[in-house]
>>> print(open('input_12.pdb').read())   # PDB, C-alpha atoms, pLDDT in the B column
ATOM      1  CA  MET A   1     -21.463 122.614 121.110  1.00 54.00           C
ATOM      2  CA  PRO A   2     -20.838 125.774 123.155  1.00 72.00           C
ATOM      3  CA  GLU A   3     -21.375 129.152 121.511  1.00 86.00           C
ATOM      4  CA  THR A   4     -17.923 130.710 121.869  1.00 91.00           C
ATOM      5  CA  ARG A   5     -19.122 134.118 120.641  1.00 92.00           C
ATOM      6  CA  LEU A   6     -21.326 134.462 123.731  1.00 93.00           C
ATOM      7  CA  PRO A   7     -19.299 133.616 126.810  1.00 93.00           C
ATOM      8  CA  ARG A   8     -21.110 133.761 130.137  1.00 93.00           C
ATOM      9  CA  GLY A   9     -19.240 136.896 131.233  1.00 95.00           C
ATOM     10  CA  ARG A  10     -20.324 138.848 128.164  1.00 96.00           C
ATOM     11  CA  LEU A  11     -23.973 137.883 128.600  1.00 96.00           C
ATOM     12  CA  ARG A  12     -23.758 138.812 132.286  1.00 97.00           C
ATOM     13  CA  ARG A  13     -22.257 142.237 131.469  1.00 97.00           C
ATOM     14  CA  TRP A  14     -25.056 142.994 129.004  1.00 98.00           C
ATOM     15  CA  ALA A  15     -27.762 141.960 131.481  1.00 98.00           C
ATOM     16  CA  GLU A  16     -26.095 143.931 134.273  1.00 97.00           C
ATOM     17  CA  ALA A  17     -25.882 147.015 132.037  1.00 97.00           C
ATOM     18  CA  ALA A  18     -29.645 146.809 131.533  1.00 98.00           C
ATOM     19  CA  LEU A  19     -30.275 146.407 135.262  1.00 97.00           C
ATOM     20  CA  ARG A  20     -27.963 149.321 136.164  1.00 97.00           C
ATOM     21  CA  ASP A  21     -29.722 151.571 133.659  1.00 97.00           C
ATOM     22  CA  LEU A  22     -33.178 150.635 134.939  1.00 97.00           C
ATOM     23  CA  HIS A  23     -32.064 151.199 138.528  1.00 97.00           C
ATOM     24  CA  HIS A  24     -30.481 154.550 137.649  1.00 97.00           C
ATOM     25  CA  HIS A  25     -33.723 155.711 135.997  1.00 96.00           C
ATOM     26  CA  ASP A  26     -35.953 154.363 138.808  1.00 96.00           C
ATOM     27  CA  LEU A  27     -37.485 151.807 136.441  1.00 95.00           C
ATOM     28  CA  LEU A  28     -36.301 148.628 138.137  1.00 95.00           C
ATOM     29  CA  PRO A  29     -39.478 147.024 139.499  1.00 92.00           C
ATOM     30  CA  ALA A  30     -37.753 144.666 141.940  1.00 94.00           C
ATOM     31  CA  ASN A  31     -35.270 144.624 144.811  1.00 93.00           C
ATOM     32  CA  GLU A  32     -33.458 141.670 143.319  1.00 96.00           C
ATOM     33  CA  VAL A  33     -33.406 139.980 139.921  1.00 97.00           C
ATOM     34  CA  VAL A  34     -32.760 136.321 139.099  1.00 97.00           C
ATOM     35  CA  LEU A  35     -32.429 135.536 135.400  1.00 98.00           C
ATOM     36  CA  THR A  36     -31.448 132.461 133.440  1.00 97.00           C
ATOM     37  CA  LEU A  37     -30.203 132.934 129.902  1.00 96.00           C
ATOM     38  CA  ARG A  38     -30.084 129.931 127.600  1.00 96.00           C
ATOM     39  CA  LEU A  39     -28.745 129.601 124.068  1.00 97.00           C
ATOM     40  CA  VAL A  40     -30.595 127.190 121.785  1.00 97.00           C
ATOM     41  CA  ASP A  41     -30.568 125.883 118.236  1.00 96.00           C
ATOM     42  CA  ALA A  42     -33.399 126.440 115.753  1.00 97.00           C
ATOM     43  CA  GLU A  43     -35.120 123.139 116.535  1.00 97.00           C
ATOM     44  CA  GLU A  44     -35.367 123.837 120.257  1.00 97.00           C
ATOM     45  CA  GLY A  45     -36.255 127.479 119.638  1.00 97.00           C
ATOM     46  CA  GLN A  46     -39.118 126.424 117.379  1.00 98.00           C
ATOM     47  CA  ALA A  47     -40.358 123.818 119.877  1.00 98.00           C
ATOM     48  CA  LEU A  48     -40.364 126.325 122.739  1.00 97.00           C
ATOM     49  CA  ASN A  49     -42.114 128.987 120.660  1.00 97.00           C
ATOM     50  CA  ARG A  50     -44.677 126.448 119.460  1.00 98.00           C
ATOM     51  CA  ASP A  51     -45.309 124.899 122.882  1.00 97.00           C
ATOM     52  CA  TYR A  52     -45.495 128.127 124.888  1.00 96.00           C
ATOM     53  CA  ARG A  53     -46.667 130.739 122.382  1.00 96.00           C
ATOM     54  CA  GLN A  54     -48.469 128.593 119.803  1.00 97.00           C
ATOM     55  CA  ARG A  55     -46.251 129.983 117.040  1.00 96.00           C
ATOM     56  CA  ASP A  56     -44.565 127.258 115.016  1.00 97.00           C
ATOM     57  CA  TYR A  57     -41.260 128.912 114.102  1.00 97.00           C
ATOM     58  CA  ALA A  58     -37.970 129.725 115.783  1.00 97.00           C
ATOM     59  CA  THR A  59     -37.846 133.306 117.005  1.00 97.00           C
ATOM     60  CA  ASN A  60     -34.814 135.353 118.012  1.00 97.00           C
ATOM     61  CA  VAL A  61     -35.570 135.687 121.735  1.00 98.00           C
ATOM     62  CA  LEU A  62     -38.201 134.172 123.997  1.00 97.00           C
ATOM     63  CA  THR A  63     -38.696 135.437 127.510  1.00 97.00           C
ATOM     64  CA  PHE A  64     -40.551 133.758 130.313  1.00 97.00           C
ATOM     65  CA  GLU A  65     -41.470 136.330 132.940  1.00 96.00           C
ATOM     66  CA  TYR A  66     -42.338 134.884 136.336  1.00 97.00           C
ATOM     67  CA  GLY A  67     -43.169 138.139 138.084  1.00 95.00           C
ATOM     68  CA  ILE A  68     -42.025 139.508 141.402  1.00 95.00           C
ATOM     69  CA  ASP A  69     -42.348 137.408 144.538  1.00 96.00           C
ATOM     70  CA  PRO A  70     -43.434 138.800 147.943  1.00 96.00           C
ATOM     71  CA  ASP A  71     -39.778 139.451 148.839  1.00 96.00           C
ATOM     72  CA  GLY A  72     -39.368 141.730 145.810  1.00 96.00           C
ATOM     73  CA  VAL A  73     -37.386 139.247 143.692  1.00 97.00           C
ATOM     74  CA  ALA A  74     -38.128 139.285 139.958  1.00 97.00           C
ATOM     75  CA  ALA A  75     -37.382 136.098 138.035  1.00 97.00           C
ATOM     76  CA  GLY A  76     -37.321 135.137 134.394  1.00 98.00           C
ATOM     77  CA  ASP A  77     -35.820 132.889 131.746  1.00 98.00           C
ATOM     78  CA  ILE A  78     -34.426 134.282 128.505  1.00 98.00           C
ATOM     79  CA  VAL A  79     -33.857 132.022 125.497  1.00 98.00           C
ATOM     80  CA  LEU A  80     -31.735 133.223 122.580  1.00 97.00           C
ATOM     81  CA  CYS A  81     -31.976 131.229 119.356  1.00 97.00           C
ATOM     82  CA  VAL A  82     -28.478 131.510 117.885  1.00 97.00           C
ATOM     83  CA  PRO A  83     -29.313 130.530 114.261  1.00 97.00           C
ATOM     84  CA  VAL A  84     -32.032 133.195 114.137  1.00 98.00           C
ATOM     85  CA  LEU A  85     -29.635 135.716 115.656  1.00 97.00           C
ATOM     86  CA  ASP A  86     -27.076 134.756 112.978  1.00 96.00           C
ATOM     87  CA  ARG A  87     -29.569 135.163 110.131  1.00 97.00           C
ATOM     88  CA  GLU A  88     -31.009 138.453 111.375  1.00 97.00           C
ATOM     89  CA  ALA A  89     -27.601 140.056 111.914  1.00 97.00           C
ATOM     90  CA  VAL A  90     -26.695 139.287 108.284  1.00 97.00           C
ATOM     91  CA  GLU A  91     -30.098 140.331 106.894  1.00 96.00           C
ATOM     92  CA  GLN A  92     -30.069 143.590 108.869  1.00 95.00           C
ATOM     93  CA  GLY A  93     -26.401 144.344 108.181  1.00 95.00           C
ATOM     94  CA  LYS A  94     -25.602 144.621 111.883  1.00 95.00           C
ATOM     95  CA  PRO A  95     -22.507 143.465 113.731  1.00 96.00           C
ATOM     96  CA  TRP A  96     -23.296 140.078 115.259  1.00 96.00           C
ATOM     97  CA  GLN A  97     -22.252 141.082 118.783  1.00 96.00           C
ATOM     98  CA  HIS A  98     -24.392 144.229 118.623  1.00 97.00           C
ATOM     99  CA  HIS A  99     -27.461 142.252 117.622  1.00 97.00           C
ATOM    100  CA  ALA A 100     -26.770 139.694 120.360  1.00 98.00           C
ATOM    101  CA  ALA A 101     -26.447 142.486 122.943  1.00 98.00           C
ATOM    102  CA  HIS A 102     -29.726 144.011 121.768  1.00 98.00           C
ATOM    103  CA  LEU A 103     -31.626 140.726 121.983  1.00 98.00           C
ATOM    104  CA  THR A 104     -30.193 140.038 125.438  1.00 98.00           C
ATOM    105  CA  ILE A 105     -31.264 143.447 126.710  1.00 98.00           C
ATOM    106  CA  HIS A 106     -34.658 143.043 125.035  1.00 98.00           C
ATOM    107  CA  GLY A 107     -35.097 139.756 126.897  1.00 98.00           C
ATOM    108  CA  VAL A 108     -34.054 141.302 130.216  1.00 98.00           C
ATOM    109  CA  LEU A 109     -36.651 144.043 129.816  1.00 98.00           C
ATOM    110  CA  HIS A 110     -39.369 141.506 129.012  1.00 97.00           C
ATOM    111  CA  ALA A 111     -38.367 139.462 132.073  1.00 97.00           C
ATOM    112  CA  LEU A 112     -38.969 142.577 134.166  1.00 97.00           C
ATOM    113  CA  GLY A 113     -42.427 143.220 132.771  1.00 95.00           C
ATOM    114  CA  PHE A 114     -41.705 145.618 129.926  1.00 96.00           C
ATOM    115  CA  ASP A 115     -43.627 144.941 126.731  1.00 94.00           C
ATOM    116  CA  HIS A 116     -44.235 146.340 123.253  1.00 93.00           C
ATOM    117  CA  ILE A 117     -47.770 145.270 122.404  1.00 92.00           C
ATOM    118  CA  GLU A 118     -49.234 148.775 122.472  1.00 94.00           C
ATOM    119  CA  PRO A 119     -47.551 151.573 120.487  1.00 94.00           C
ATOM    120  CA  ASP A 120     -46.753 153.644 123.578  1.00 95.00           C
ATOM    121  CA  GLU A 121     -45.235 150.578 125.302  1.00 95.00           C
ATOM    122  CA  ALA A 122     -43.164 149.828 122.197  1.00 95.00           C
ATOM    123  CA  GLU A 123     -41.890 153.402 122.042  1.00 95.00           C
ATOM    124  CA  ALA A 124     -40.922 153.378 125.727  1.00 96.00           C
ATOM    125  CA  MET A 125     -39.247 149.963 125.543  1.00 96.00           C
ATOM    126  CA  GLU A 126     -37.317 150.848 122.384  1.00 97.00           C
ATOM    127  CA  ALA A 127     -36.114 154.103 123.988  1.00 97.00           C
ATOM    128  CA  ILE A 128     -34.803 152.188 127.014  1.00 98.00           C
ATOM    129  CA  GLU A 129     -33.071 149.608 124.809  1.00 97.00           C
ATOM    130  CA  THR A 130     -31.531 152.321 122.662  1.00 97.00           C
ATOM    131  CA  ARG A 131     -30.254 154.204 125.733  1.00 98.00           C
ATOM    132  CA  ILE A 132     -28.690 151.058 127.239  1.00 98.00           C
ATOM    133  CA  LEU A 133     -27.061 150.086 123.951  1.00 98.00           C
ATOM    134  CA  ALA A 134     -25.750 153.625 123.420  1.00 97.00           C
ATOM    135  CA  GLY A 135     -24.063 153.354 126.797  1.00 96.00           C
ATOM    136  CA  MET A 136     -22.180 150.361 125.374  1.00 96.00           C
ATOM    137  CA  GLY A 137     -21.269 152.171 122.147  1.00 96.00           C
ATOM    138  CA  ILE A 138     -23.876 150.335 120.069  1.00 97.00           C
ATOM    139  CA  ALA A 139     -25.981 152.194 117.504  1.00 95.00           C
ATOM    140  CA  ASP A 140     -29.760 152.454 117.742  1.00 95.00           C
ATOM    141  CA  PRO A 141     -30.989 149.078 116.429  1.00 94.00           C
ATOM    142  CA  TYR A 142     -34.277 150.582 115.318  1.00 92.00           C
ATOM    143  CA  THR A 143     -32.746 153.070 112.896  1.00 88.00           C
ATOM    144  CA  ALA A 144     -29.814 151.024 111.618  1.00 59.00           C
TER     145      ALA A 144
END
>>> encode(input="input_12.pdb", output="structure tokens")
Amino acid sequence: MPETRLPRGRLRRWAEAALRDLHHHDLLPANEVVLTLRLVDAEEGQALNRDYRQRDYATNVLTFEYGIDPDGVAAGDIVLCVPVLDREAVEQGKPWQHHAAHLTIHGVLHALGFDHIEPDEAEAMEAIETRILAGMGIADPYTA
């Protein structure tokens, strides 16, 4: 069943907002970007997380970064698990669309090589996400 709350155009606008911001701040690591964004249920989200990350639970967003090819094209797949998104938005008291936008942008950044393993990486990535979301009128997800 299609997820009517996340039409293709909305997802595209969120991803494009992230790319415009990165380009504007000279942080876009590629000449071109090719991304696939897929919406899944909890069962598929858990299977993907288990099979590719060895973590046996459904997570909110999974990103598969494929790097940048010799022509300067970055590619990646972003998987949003809608039931986890639903649950987290309620638990965190956030508007559903705002949380969906955040997870989409988070996935785009991961697809382009950004990470949050080290504290300084996390701080930088969160600052970028917060700036992009602010540009869309969405509050800082890390302080809300």
>>> axis_aligned_box(input="input_12.pdb", around="range 76-93 of chain A", padding_each_side="6 Å", output="AutoDock Vina command-line options")
--center_x -31.9 --center_y 137.4 --center_z 120.6 --size_x 22.9 --size_y 25.8 --size_z 39.5
>>> closest_residue(input="input_12.pdb", among="A:Pro29, A:Leu85, A:Asp115, A:His98", to="Arg10 in chain A", atoms="only C-alpha atoms")
A:His98
>>> residues_around(input="input_12.pdb", residues="range 106-110 of chain A", least_positions_apart="6", cutoff="9 Å", atoms="only C-alpha atoms", output="ChimeraX atom specification")
/A:15,18-19,35,37,61-65,76-80,116,125-126,128-129
>>> atom_distance(input="input_12.pdb", atom1="CA of Ala58 in chain A", atom2="CA of Leu112 in chain A")
22.5 Å
>>> residues_around(input="input_12.pdb", residues="range 136-143 of chain A", least_positions_apart="5", cutoff="10 Å", atoms="only C-alpha atoms", output="MDAnalysis selection string")
chainID A and resid 14 17 92 94:95 97:99 101:102 126:127 129:131
>>> atom_distance(input="input_12.pdb", atom1="CA of Val82 in chain A", atom2="CA of Ala47 in chain A")
14.3 Å
>>> closest_residue(input="input_12.pdb", among="A:Pro119, A:Pro83, A:Gly67, A:Gly72", to="Gln46 in chain A", atoms="all atoms listed in the file")
A:Pro83
>>> atom_distance(input="input_12.pdb", atom1="CA of Gly135 in chain A", atom2="CA of His25 in chain A")
13.5 Å
>>> closest_residue(input="input_12.pdb", among="A:Val90, A:Ile117, A:Ile105, A:Ile68", to="Arg12 in chain A", atoms="all atoms listed in the file")
A:Ile105
>>> closest_residue(input="input_12.pdb", among="A:Leu11, A:Gln54, A:Glu123, A:Ala111", to="Tyr66 in chain A", atoms="all atoms listed in the file")
A:Ala111
>>> closest_residue(input="input_12.pdb", among="A:Ala124, A:Ile132, A:Leu6, A:Leu27", to="Cys81 in chain A", atoms="all atoms listed in the file")
A:Leu6
>>> closest_residue(input="input_12.pdb", among="A:Ala42, A:Glu3, A:Asp56, A:Asn49", to="Arg87 in chain A", atoms="all atoms listed in the file")
A:Ala42
